[in-house]
file protein.cif (mmCIF, C-alpha atoms)
data_coords
#
loop_
_atom_site.label_atom_id
_atom_site.label_comp_id
_atom_site.auth_asym_id
_atom_site.auth_seq_id
_atom_site.Cartn_x
_atom_site.Cartn_y
_atom_site.Cartn_z
CA HIS A 1 0.00 0.00 0.00
CA PRO A 2 1.20 3.57 -0.61
CA PRO A 3 2.28 5.56 2.44
CA HIS A 4 -0.38 7.74 4.06
CA VAL A 5 0.15 11.44 3.34
CA THR A 6 -1.62 14.21 5.20
CA GLY A 7 -1.92 17.92 4.54
CA HIS A 8 -2.80 19.63 1.31
CA ASN A 9 0.62 21.26 0.93
CA THR A 10 2.74 18.17 1.53
CA PRO A 11 4.65 17.18 -1.66
CA LYS A 12 3.55 13.86 -3.11
CA PRO A 13 6.46 11.42 -2.89
CA LYS A 14 7.56 9.66 -6.09
CA VAL A 15 6.83 6.31 -4.43
CA LYS A 16 3.14 7.20 -4.47
CA ILE A 17 3.34 8.36 -8.08
CA VAL A 18 4.97 5.11 -9.20
CA TYR A 19 2.45 3.07 -7.15
CA LYS A 20 -0.47 4.77 -8.90
CA ILE A 21 1.08 4.24 -12.30
CA LEU A 22 1.95 0.58 -11.66
CA SER A 23 -1.62 -0.05 -10.59
CA LYS A 24 -2.77 0.98 -14.07
CA ILE A 25 -0.34 -1.10 -16.07
CA ALA A 26 -2.04 -4.48 -15.56
CA PRO A 27 -5.32 -3.58 -17.24
CA MET A 28 -3.53 -1.71 -20.09
CA ASN A 29 -0.87 -4.46 -20.53
CA THR A 30 1.09 -2.34 -23.09
CA ALA A 31 4.43 -3.78 -22.00
CA THR A 32 3.44 -7.37 -22.82
CA SER A 33 1.06 -6.93 -25.75
CA GLY A 34 3.77 -5.98 -28.20
CA LYS A 35 2.02 -2.69 -28.91
CA LYS A 36 4.27 0.34 -28.93
CA PRO A 37 3.16 2.76 -26.18
CA THR A 38 1.82 6.13 -27.34
CA ILE A 39 1.42 9.59 -25.84
CA ARG A 40 -2.17 8.68 -24.99
CA ASP A 41 -0.93 5.65 -23.02
CA VAL A 42 1.50 7.89 -21.12
CA ALA A 43 -1.29 10.39 -20.43
CA GLN A 44 -3.56 7.63 -19.07
CA LEU A 45 -0.81 6.22 -16.86
CA ALA A 46 0.09 9.66 -15.49
CA GLY A 47 -3.52 10.72 -15.04
CA VAL A 48 -3.12 13.86 -17.16
CA SER A 49 -4.41 15.04 -20.53
CA TYR A 50 -2.84 14.31 -23.91
CA GLY A 51 -2.07 18.02 -24.28
CA THR A 52 -0.17 18.11 -20.97
CA VAL A 53 2.08 15.24 -22.07
CA SER A 54 2.64 16.95 -25.42
CA ARG A 55 3.63 20.20 -23.70
CA TYR A 56 5.99 18.30 -21.40
CA LEU A 57 7.70 16.56 -24.33
CA ASN A 58 8.11 19.85 -26.18
CA GLY A 59 9.75 21.53 -23.20
CA ASN A 60 6.85 23.87 -22.50
CA ALA A 61 7.19 25.60 -19.12
CA HIS A 62 3.42 25.50 -18.48
CA VAL A 63 3.45 22.03 -16.89
CA SER A 64 3.25 21.77 -13.10
CA LYS A 65 5.98 20.02 -11.09
CA ASP A 66 3.51 17.39 -9.94
CA ALA A 67 2.34 16.61 -13.48
CA ALA A 68 5.92 16.60 -14.79
CA ASP A 69 6.96 14.04 -12.16
CA ARG A 70 4.04 11.78 -12.98
CA ILE A 71 4.67 12.03 -16.73
CA ALA A 72 8.37 11.25 -16.27
CA ALA A 73 7.52 8.18 -14.18
CA ALA A 74 4.92 7.06 -16.74
CA ILE A 75 7.40 7.41 -19.62
CA GLU A 76 9.96 5.29 -17.77
CA THR A 77 7.45 2.64 -16.71
CA ALA A 78 5.80 2.32 -20.12
CA GLN A 79 9.19 2.53 -21.90
CA TYR A 80 7.77 5.20 -24.18
CA THR A 81 10.11 6.60 -26.87
CA PRO A 82 9.11 9.96 -28.42
CA ASN A 83 8.64 9.98 -32.18
CA ASN A 84 10.98 12.83 -33.08
CA ALA A 85 9.93 12.80 -36.72
CA ALA A 86 6.27 13.23 -35.82
CA ARG A 87 7.09 15.94 -33.31
CA SER A 88 9.12 17.80 -35.91
CA LEU A 89 6.24 17.66 -38.38
CA ALA A 90 3.77 18.85 -35.76
CA GLN A 91 6.05 21.79 -34.95
CA ARG A 92 6.74 22.46 -38.67
CA ARG A 93 10.39 21.70 -38.01
CA THR A 94 12.66 19.54 -40.16
CA LEU A 95 15.79 19.67 -37.99
CA THR A 96 17.61 20.51 -41.22
CA VAL A 97 19.63 23.60 -42.10
CA ALA A 98 20.63 24.31 -45.70
CA LEU A 99 24.00 25.89 -46.44
CA ILE A 100 23.76 27.37 -49.92
CA ILE A 101 26.85 28.38 -51.88
CA GLN A 102 26.59 30.45 -55.03
CA VAL A 103 29.72 30.11 -57.16
CA GLU A 104 30.88 30.89 -60.68
CA SER A 105 33.68 28.32 -60.54
CA ASN A 106 33.52 24.88 -58.93
CA GLU A 107 37.10 25.35 -57.70
CA THR A 108 35.80 27.96 -55.24
CA ILE A 109 34.04 25.22 -53.27
CA VAL A 110 37.29 23.50 -52.32
CA GLN A 111 39.12 26.66 -51.28
CA ALA A 112 40.26 26.45 -47.67
CA SER A 113 38.24 29.49 -46.52
CA MET A 114 35.01 27.94 -47.80
CA SER A 115 35.59 24.36 -46.68
CA THR A 116 36.77 25.46 -43.23
CA ALA A 117 33.73 27.69 -42.73
CA MET A 118 31.46 24.81 -43.78
CA ALA A 119 33.14 22.49 -41.26
CA GLY A 120 32.70 25.05 -38.48
CA ALA A 121 29.02 25.53 -39.25
CA ASN A 122 28.38 21.80 -39.51
CA GLN A 123 29.96 21.14 -36.11
CA VAL A 124 27.79 23.72 -34.34
CA LEU A 125 24.61 22.57 -36.05
CA GLY A 126 25.33 18.90 -35.45
CA ASP A 127 25.94 19.52 -31.75
CA ALA A 128 22.51 21.19 -31.62
CA GLY A 129 20.78 18.18 -33.23
CA TYR A 130 20.47 19.61 -36.76
CA GLN A 131 21.58 18.08 -40.03
CA MET A 132 23.33 20.47 -42.40
CA VAL A 133 22.84 19.91 -46.11
CA THR A 134 24.95 21.75 -48.68
CA LEU A 135 23.43 23.06 -51.91
CA ILE A 136 25.58 24.51 -54.69
CA ALA A 137 24.14 27.06 -57.10
CA ASN A 138 26.55 27.01 -60.03
CA SER A 139 24.14 27.04 -62.99
CA GLU A 140 20.72 28.27 -63.98
CA ASP A 141 19.25 24.78 -63.53
CA SER A 142 20.74 24.27 -60.06
CA THR A 143 19.59 27.73 -59.02
CA ARG A 144 16.04 26.95 -60.19
CA ARG A 145 15.99 23.66 -58.26
CA ILE A 146 17.29 25.32 -55.09
CA ALA A 147 14.68 28.07 -55.40
CA GLN A 148 11.94 25.42 -55.57
CA LEU A 149 13.30 23.78 -52.41
CA VAL A 150 13.43 27.10 -50.56
CA ASN A 151 9.85 27.90 -51.59
CA SER A 152 8.74 24.51 -50.24
CA ASP A 153 10.08 25.30 -46.75
CA PHE A 154 12.23 22.17 -46.72
CA ALA A 155 14.67 23.52 -44.11
CA ASP A 156 14.37 25.27 -40.76
CA GLY A 157 16.91 27.92 -41.75
CA TYR A 158 19.49 28.92 -44.34
CA LEU A 159 23.17 29.88 -44.34
CA LEU A 160 24.00 31.81 -47.53
CA PHE A 161 27.58 31.97 -48.81
CA SER A 162 28.74 34.22 -51.66
CA LEU A 163 25.19 35.21 -52.58
CA SER A 164 25.18 37.56 -55.56
CA GLU A 165 23.19 40.71 -54.88
CA ASP A 166 21.40 40.74 -58.24
CA SER A 167 20.77 37.05 -58.84
CA THR A 168 17.63 34.95 -59.20
CA LEU A 169 18.63 33.09 -56.06
CA ALA A 170 18.81 36.30 -54.04
CA ASN A 171 15.33 37.22 -55.23
CA THR A 172 14.06 33.87 -53.94
CA PHE A 173 14.93 34.91 -50.40
CA THR A 174 12.86 38.08 -50.47
CA SER A 175 9.80 36.11 -49.39
CA THR A 176 10.98 33.19 -47.24
CA LYS A 177 9.65 33.06 -43.68
CA ARG A 178 12.52 30.94 -42.38
CA PRO A 179 15.56 32.43 -40.60
CA VAL A 180 18.46 33.36 -42.87
CA VAL A 181 22.06 34.36 -42.12
CA ARG A 182 24.42 35.68 -44.79
CA SER A 183 28.20 35.37 -44.99
CA GLU A 184 28.66 38.89 -46.35
CA ILE A 185 27.27 42.35 -45.80
CA SER A 186 24.36 43.19 -48.12
CA ASP A 187 23.28 46.54 -49.55
CA ARG A 188 19.87 45.24 -50.65
CA GLY A 189 17.12 46.70 -48.52
CA ASP A 190 14.71 43.87 -49.39
CA LEU A 191 17.13 41.27 -47.99
CA PRO A 192 17.01 42.31 -44.32
CA TYR A 193 18.90 39.29 -43.05
CA PRO A 194 21.71 39.46 -40.51
CA ALA A 195 25.26 38.85 -41.72
CA VAL A 196 28.50 37.61 -40.22
CA ASP A 197 31.41 39.05 -42.15
CA PHE A 198 35.05 40.01 -41.79
CA THR A 199 36.52 43.49 -41.68
CA ASN A 200 37.35 43.11 -45.38
CA GLU A 201 37.74 46.78 -46.18
CA GLU A 202 39.88 47.48 -43.11
CA GLY A 203 42.04 44.40 -43.69
CA GLN A 204 42.86 45.31 -47.29
CA ARG A 205 43.40 48.94 -46.34
CA ASP A 206 45.85 47.98 -43.59
CA ILE A 207 47.97 45.63 -45.69
CA THR A 208 48.11 48.21 -48.52
CA ARG A 209 49.31 50.81 -46.02
CA TYR A 210 51.90 48.30 -44.81
CA LEU A 211 53.31 48.12 -48.35
CA ILE A 212 53.32 51.89 -48.69
CA GLU A 213 55.20 52.20 -45.39
CA GLN A 214 57.78 49.76 -46.81
CA GLY A 215 58.35 52.19 -49.68
CA ARG A 216 56.14 50.34 -52.21
CA THR A 217 54.02 53.17 -53.58
CA ARG A 218 53.47 52.12 -57.21
CA LEU A 219 50.84 49.47 -56.59
CA ALA A 220 48.46 47.52 -58.80
CA TYR A 221 45.43 45.61 -57.57
CA VAL A 222 43.87 42.31 -58.64
CA CYS A 223 40.19 42.43 -57.70
CA GLY A 224 37.93 39.44 -57.04
CA PRO A 225 34.69 38.83 -58.97
CA GLY A 226 32.27 41.74 -59.09
CA TYR A 227 29.29 39.70 -57.85
CA SER A 228 30.90 39.28 -54.42
CA PRO A 229 30.35 41.97 -51.75
CA SER A 230 33.64 40.92 -50.12
CA SER A 231 35.44 41.61 -53.38
CA VAL A 232 33.94 45.10 -53.55
CA ASN A 233 34.78 45.86 -49.92
CA ARG A 234 38.39 44.75 -50.33
CA LEU A 235 38.77 46.96 -53.40
CA ASN A 236 37.39 49.86 -51.38
CA GLY A 237 40.03 49.19 -48.73
CA PHE A 238 42.78 49.37 -51.36
CA LYS A 239 41.34 52.63 -52.71
CA ALA A 240 41.20 54.13 -49.21
CA ALA A 241 44.86 53.33 -48.56
CA MET A 242 46.03 54.59 -51.96
CA GLY A 243 44.14 57.87 -51.74
CA GLU A 244 45.21 60.17 -54.57
CA ARG A 245 47.64 57.52 -55.82
CA PHE A 246 44.77 55.25 -56.86
CA ASP A 247 44.50 54.72 -60.63
CA ASP A 248 41.79 52.44 -62.02
CA ARG A 249 44.05 51.57 -64.96
CA TYR A 250 46.12 49.54 -62.51
CA VAL A 251 43.19 47.40 -61.36
CA TYR A 252 42.57 43.99 -62.93
CA TYR A 253 38.96 42.82 -62.47
CA ALA A 254 38.99 39.02 -62.22
CA ASP A 255 36.02 36.81 -63.02
CA ASP A 256 36.64 34.46 -60.09
CA TRP A 257 38.89 33.83 -57.07
CA GLU A 258 41.22 31.32 -58.75
CA VAL A 259 44.96 30.99 -59.41
CA ALA A 260 44.49 31.46 -63.17
CA SER A 261 43.06 34.95 -62.59
CA GLY A 262 46.31 36.01 -60.93
CA GLU A 263 48.32 34.66 -63.85
CA MET A 264 46.17 36.55 -66.36
CA ALA A 265 46.51 39.75 -64.33
CA VAL A 266 50.32 39.59 -64.52
CA ALA A 267 50.13 39.01 -68.29
CA GLU A 268 48.09 42.21 -68.59
CA PHE A 269 50.33 44.21 -66.23
CA LEU A 270 53.58 42.93 -67.76
CA PRO A 271 54.45 46.14 -69.68
CA LEU A 272 54.26 48.02 -66.37
CA LEU A 273 56.22 45.39 -64.48
CA ARG A 274 59.36 45.52 -66.63
CA PRO A 275 61.65 48.56 -66.60
CA ALA A 276 61.22 50.76 -69.65
CA ASP A 277 64.22 51.55 -71.84
CA GLY A 278 66.60 53.78 -69.97
CA GLU A 279 64.88 53.20 -66.61
CA ARG A 280 66.38 51.22 -63.74
CA ARG A 281 63.17 50.14 -62.05
CA PRO A 282 59.81 48.77 -63.22
CA GLY A 283 56.73 50.92 -63.44
CA LEU A 284 55.13 48.98 -60.57
CA ASP A 285 56.72 47.71 -57.37
CA GLY A 286 53.83 45.85 -55.75
CA ILE A 287 50.63 43.92 -56.47
CA VAL A 288 47.87 43.66 -53.87
CA CYS A 289 45.55 40.68 -54.42
CA ALA A 290 41.97 40.05 -53.33
CA ASN A 291 42.73 36.55 -52.02
CA ASP A 292 45.55 34.03 -51.60
CA SER A 293 44.74 31.92 -54.66
CA ILE A 294 44.96 34.95 -56.93
CA ALA A 295 48.20 35.98 -55.21
CA LEU A 296 49.69 32.52 -55.83
CA GLY A 297 48.89 32.87 -59.52
CA VAL A 298 50.53 36.31 -59.53
CA ILE A 299 53.71 34.98 -57.90
CA ASN A 300 53.89 31.98 -60.25
CA GLN A 301 53.57 34.17 -63.34
CA LEU A 302 56.08 36.72 -62.04
CA ASN A 303 58.60 33.92 -61.49
CA ARG A 304 58.03 32.67 -65.04
CA SER A 305 58.56 36.21 -66.34
CA GLY A 306 61.93 36.51 -64.65
CA LEU A 307 60.80 39.02 -62.03
CA ARG A 308 61.82 38.45 -58.42
CA VAL A 309 59.40 38.50 -55.49
CA PRO A 310 59.76 40.61 -53.41
CA ASP A 311 62.96 42.21 -54.77
CA ASP A 312 61.32 43.53 -57.93
CA ILE A 313 57.64 43.20 -57.08
CA ALA A 314 56.05 42.70 -53.65
CA VAL A 315 52.85 40.61 -53.52
CA THR A 316 50.16 40.29 -50.85
CA GLY A 317 47.08 38.08 -50.49
CA PHE A 318 43.99 37.83 -48.33
CA ASP A 319 42.65 34.88 -46.23
CA ASP A 320 45.83 33.30 -44.81
CA SER A 321 44.78 29.96 -46.25
CA PRO A 322 47.16 26.94 -46.36
CA ILE A 323 48.09 27.96 -49.90
CA ALA A 324 49.89 31.01 -48.45
CA LEU A 325 52.61 28.69 -47.12
CA LEU A 326 52.92 26.80 -50.41
CA SER A 327 53.88 29.78 -52.55
CA ASN A 328 57.51 30.59 -53.31
CA PRO A 329 58.24 32.85 -51.53
CA LYS A 330 55.72 32.37 -48.71
CA LEU A 331 52.87 34.85 -48.86
CA THR A 332 52.32 37.98 -46.79
CA THR A 333 48.56 38.13 -46.36
CA VAL A 334 45.53 39.14 -44.28
CA ARG A 335 44.39 36.51 -41.81
CA GLN A 336 40.72 35.70 -41.24
CA ASP A 337 39.41 32.86 -39.07
CA SER A 338 37.17 30.93 -41.46
CA GLN A 339 36.18 28.29 -38.92
CA LEU A 340 35.01 31.02 -36.55
CA HIS A 341 33.08 32.48 -39.47
CA GLY A 342 31.08 29.29 -40.00
CA GLU A 343 30.59 28.69 -36.28
CA THR A 344 29.34 32.23 -35.66
CA MET A 345 26.89 32.09 -38.57
CA ALA A 346 25.48 28.78 -37.32
CA LYS A 347 25.11 30.01 -33.73
CA LEU A 348 23.28 33.13 -34.89
CA LEU A 349 20.94 31.05 -37.06
CA LEU A 350 20.16 28.69 -34.15
CA GLN A 351 19.25 31.69 -32.00
CA MET A 352 16.84 32.86 -34.68
CA ILE A 353 15.31 29.38 -35.07
CA ALA A 354 14.75 29.36 -31.29
CA GLY A 355 12.75 32.57 -31.66
CA GLU A 356 15.29 35.09 -30.37
CA PRO A 357 14.78 38.46 -32.10
CA VAL A 358 17.55 39.82 -34.33
CA GLU A 359 17.46 43.32 -35.77
CA PRO A 360 17.08 43.58 -39.58
CA HIS A 361 20.41 44.12 -41.35
CA TYR A 362 22.31 43.26 -38.15
CA VAL A 363 26.01 42.74 -38.93
CA GLN A 364 28.60 40.98 -36.80
CA LEU A 365 32.12 41.75 -38.00
CA LEU A 366 34.99 39.37 -37.26
CA PRO A 367 38.53 40.77 -37.01
CA THR A 368 41.36 40.48 -39.54
CA SER A 369 45.11 40.89 -39.04
CA ILE A 370 48.28 41.11 -41.15
CA VAL A 371 50.60 38.10 -41.39
CA THR A 372 54.03 39.10 -42.71
CA ARG A 373 56.13 36.54 -44.59
CA GLN A 374 58.64 36.72 -47.43
CA SER A 375 56.55 37.98 -50.39
CA ALA A 376 56.31 41.58 -49.10
#
call {"tool": "encode", "arguments": {"input": "protein.cif", "output": "structure tokens"}}
result
Amino acid sequence: HPPHVTGHNTPKPKVKIVYKILSKIAPMNTATSGKKPTIRDVAQLAGVSYGTVSRYLNGNAHVSKDAADRIAAAIETAQYTPNNAARSLAQRRTLTVALIIQVESNETIVQASMSTAMAGANQVLGDAGYQMVTLIANSEDSTRRIAQLVNSDFADGYLLFSLSEDSTLANTFTSTKRPVVRSEISDRGDLPYPAVDFTNEEGQRDITRYLIEQGRTRLAYVCGPGYSPSSVNRLNGFKAAMGERFDDRYVYYADDWEVASGEMAVAEFLPLLRPADGERRPGLDGIVCANDSIALGVINQLNRSGLRVPDDIAVTGFDDSPIALLSNPKLTTVRQDSQLHGETMAKLLLQMIAGEPVEPHYVQLLPTSIVTRQSA
């Protein structure tokens, strides 16, 4: 028999709760019938409503301590296992986050900055119980398919990398109701999503000033692709550092972020890189690059052309990716923590999925720093 309890305010001991529940098991016989126990079975065992058990399972605070204790005991006794898939559907949750990358070149996907950011985001999301799926928009057909998925609400939230401001894919996100976090600052007023970005303009400005302080004042610039906000911001940093020295004729506008773009830039700049007749020094003494891959291409082509780095031409990059240590000479560059980038984006998205308010156009900027090596 259960112990006798007196007084209205005396807490009900768990022994009594378990006794009451055990007394109900025999007539239900769920443990021996082979039937999988349901929420309704748990509710009957605990002596509460179906809705109370549902609120308890979903972590709702509006469940009394007494009811919570009885439900917990009923779940253990009946060996009830929640159906997470059904709960997700009921809550309109998929426990999936889509990381979408928009690229012009497939080689961009395997760059260290991108792959490291993806790994950081995946770790944070996985620890929180979410599955990250990666979607690559590299053609009109893939963009159309991704847009259809977004419009079908297949994910609980989206991480957008390298999203072009004027693309069909960007227009898809003007109407989604799911949380979105971008990897770059946006100027579009109809894309009011928060962004986690680096101090791209400041980083490129600072490394350009570093070159100028070293006496390298005749500088050219190799810009990243025009669709990328990061590319635009880094160019603005170079312009700010050059001031009145800036000359758009000494800017090469690349179509992508790849090594070949750096090689083509040197081929175009070559008349300025070699000393003119009667002159002892070349027309340019430094090349600032929008990322490390482009800088590696620049260094490779300079070496082929018989120009010495940094004696004749100094070269800088941006990212501090592993490729910076593979160049000859090793690359002076701007460091950014790509893993932190992915982690921070994922954490911000999880906060939004949980219902925490985030101001429209909120931007979190991550720091950059100069890493000096042998190329400048």
call {"tool": "closest_atom_pairs", "arguments": {"input": "protein.cif", "of": "segment 100-213 of chain A", "to": "segment 313-316 of chain A", "cutoff": "12 Å", "atoms": "only C-alpha atoms", "output": "Markdown table"}}
result
| residue | atom | partner | partner_atom | distance |
| --- | --- | --- | --- | --- |
| A:Gly203 | CA | A:Thr316 | CA | 11.6 |
| A:Gln204 | CA | A:Thr316 | CA | 9.5 |
| A:Arg205 | CA | A:Thr316 | CA | 11.9 |
| A:Asp206 | CA | A:Thr316 | CA | 11.4 |
| A:Ile207 | CA | A:Thr316 | CA | 7.7 |
| A:Thr208 | CA | A:Thr316 | CA | 8.5 |
| A:Arg209 | CA | A:Thr316 | CA | 11.6 |
| A:Tyr210 | CA | A:Thr316 | CA | 10.2 |
| A:Leu211 | CA | A:Ala314 | CA | 8.1 |
| A:Ile212 | CA | A:Ala314 | CA | 10.8 |
call {"tool": "atom_distance", "arguments": {"input": "protein.cif", "atom1": "atom CA of Ile370 of chain A", "atom2": "atom CA of Val251 of chain A"}}
result
21.8 Å
call {"tool": "residues_around", "arguments": {"input": "protein.cif", "residues": "Pro225 of chain A", "least_positions_apart": "5", "cutoff": "6 Å", "atoms": "all atoms listed in the file", "output": "NGL selection string"}}
result
:A and (254-256)
call {"tool": "residues_around", "arguments": {"input": "protein.cif", "residues": "Ala137 of chain A", "least_positions_apart": "5", "cutoff": "6 Å", "atoms": "all atoms listed in the file", "output": "list in words"}}
result
Gln102, Ser142 and Thr143 of chain A
call {"tool": "resolve_selection", "arguments": {"input": "protein.cif", "expression": "the PyMOL selection byres ((chain A and resi 322) around 10)", "output": "PyMOL selection string"}}
result
chain A and resi 111-113+292-293+319-321+323-327
call {"tool": "resolve_selection", "arguments": {"input": "protein.cif", "expression": "the PyMOL selection byres ((chain A and resi 362) around 10)", "output": "short mmCIF file (atom, residue, chain, number, x, y, z; two decimals) with C-alpha atoms, in the frame of the given file"}}
result
data_model
loop_
_atom_site.label_atom_id
_atom_site.label_comp_id
_atom_site.auth_asym_id
_atom_site.auth_seq_id
_atom_site.Cartn_x
_atom_site.Cartn_y
_atom_site.Cartn_z
CA VAL A 181 22.06 34.36 -42.12
CA ILE A 185 27.27 42.35 -45.80
CA PRO A 192 17.01 42.31 -44.32
CA TYR A 193 18.90 39.29 -43.05
CA PRO A 194 21.71 39.46 -40.51
CA ALA A 195 25.26 38.85 -41.72
CA VAL A 196 28.50 37.61 -40.22
CA VAL A 358 17.55 39.82 -34.33
CA GLU A 359 17.46 43.32 -35.77
CA PRO A 360 17.08 43.58 -39.58
CA HIS A 361 20.41 44.12 -41.35
CA VAL A 363 26.01 42.74 -38.93
CA GLN A 364 28.60 40.98 -36.80
CA LEU A 365 32.12 41.75 -38.00
#
call {"tool": "residues_around", "arguments": {"input": "protein.cif", "residues": "Ala220 of chain A", "least_positions_apart": "5", "cutoff": "7 Å", "atoms": "only C-alpha atoms", "output": "number ranges by chain"}}
result
A: 250-251, 286-288
call {"tool": "residues_near_point", "arguments": {"input": "protein.cif", "point": "(53.4, 32.8, -66.4)", "cutoff": "8 Å", "atoms": "only C-alpha atoms", "output": "number ranges by chain"}}
result
A: 263, 266-267, 300-305
call {"tool": "atom_distance", "arguments": {"input": "protein.cif", "atom1": "atom CA of Glu268 of chain A", "atom2": "atom CA of Gly215 of chain A"}}
result
23.7 Å
call {"tool": "resolve_selection", "arguments": {"input": "protein.cif", "expression": "the PyMOL selection byres ((chain A and resi 344) around 10)", "output": "PyMOL selection string"}}
result
chain A and resi 117+120-121+124+181+183+195-197+338-343+345-350+364+366
call {"tool": "atom_distance", "arguments": {"input": "protein.cif", "atom1": "atom CA of Leu45 of chain A", "atom2": "atom CA of Ala74 of chain A"}}
result
5.8 Å
call {"tool": "closest_residue", "arguments": {"input": "protein.cif", "among": "A:Leu270, A:Leu307, A:Val298, A:Leu159", "to": "Met352 of chain A", "atoms": "all atoms listed in the file"}}
result
A:Leu159
call {"tool": "closest_residue", "arguments": {"input": "protein.cif", "among": "A:Pro179, A:Gly224, A:Lys330, A:Leu273", "to": "Pro357 of chain A", "atoms": "all atoms listed in the file"}}
result
A:Pro179
call {"tool": "residues_around", "arguments": {"input": "protein.cif", "residues": "Glu201 of chain A", "least_positions_apart": "5", "cutoff": "12 Å", "atoms": "only C-alpha atoms", "output": "PyMOL selection string"}}
result
chain A and resi 185+206-208+229-241+290+318+334+365-369
call {"tool": "write_last_selection", "arguments": {"input": "protein.cif", "atoms": "C-alpha atoms", "output": "mmCIF file, in the coordinates of the input"}}
result
data_model
loop_
_atom_site.group_PDB
_atom_site.id
_atom_site.type_symbol
_atom_site.label_atom_id
_atom_site.label_comp_id
_atom_site.auth_asym_id
_atom_site.auth_seq_id
_atom_site.Cartn_x
_atom_site.Cartn_y
_atom_site.Cartn_z
ATOM 1 C CA ILE A 185 27.270 42.350 -45.800
ATOM 2 C CA ASP A 206 45.850 47.980 -43.590
ATOM 3 C CA ILE A 207 47.970 45.630 -45.690
ATOM 4 C CA THR A 208 48.110 48.210 -48.520
ATOM 5 C CA PRO A 229 30.350 41.970 -51.750
ATOM 6 C CA SER A 230 33.640 40.920 -50.120
ATOM 7 C CA SER A 231 35.440 41.610 -53.380
ATOM 8 C CA VAL A 232 33.940 45.100 -53.550
ATOM 9 C CA ASN A 233 34.780 45.860 -49.920
ATOM 10 C CA ARG A 234 38.390 44.750 -50.330
ATOM 11 C CA LEU A 235 38.770 46.960 -53.400
ATOM 12 C CA ASN A 236 37.390 49.860 -51.380
ATOM 13 C CA GLY A 237 40.030 49.190 -48.730
ATOM 14 C CA PHE A 238 42.780 49.370 -51.360
ATOM 15 C CA LYS A 239 41.340 52.630 -52.710
ATOM 16 C CA ALA A 240 41.200 54.130 -49.210
ATOM 17 C CA ALA A 241 44.860 53.330 -48.560
ATOM 18 C CA ALA A 290 41.970 40.050 -53.330
ATOM 19 C CA PHE A 318 43.990 37.830 -48.330
ATOM 20 C CA VAL A 334 45.530 39.140 -44.280
ATOM 21 C CA LEU A 365 32.120 41.750 -38.000
ATOM 22 C CA LEU A 366 34.990 39.370 -37.260
ATOM 23 C CA PRO A 367 38.530 40.770 -37.010
ATOM 24 C CA THR A 368 41.360 40.480 -39.540
ATOM 25 C CA SER A 369 45.110 40.890 -39.040
#
call {"tool": "closest_residue", "arguments": {"input": "protein.cif", "among": "A:Asp285, A:Asp141, A:Asp248, A:Asp312", "to": "Thr168 of chain A", "atoms": "only C-alpha atoms"}}
result
A:Asp141
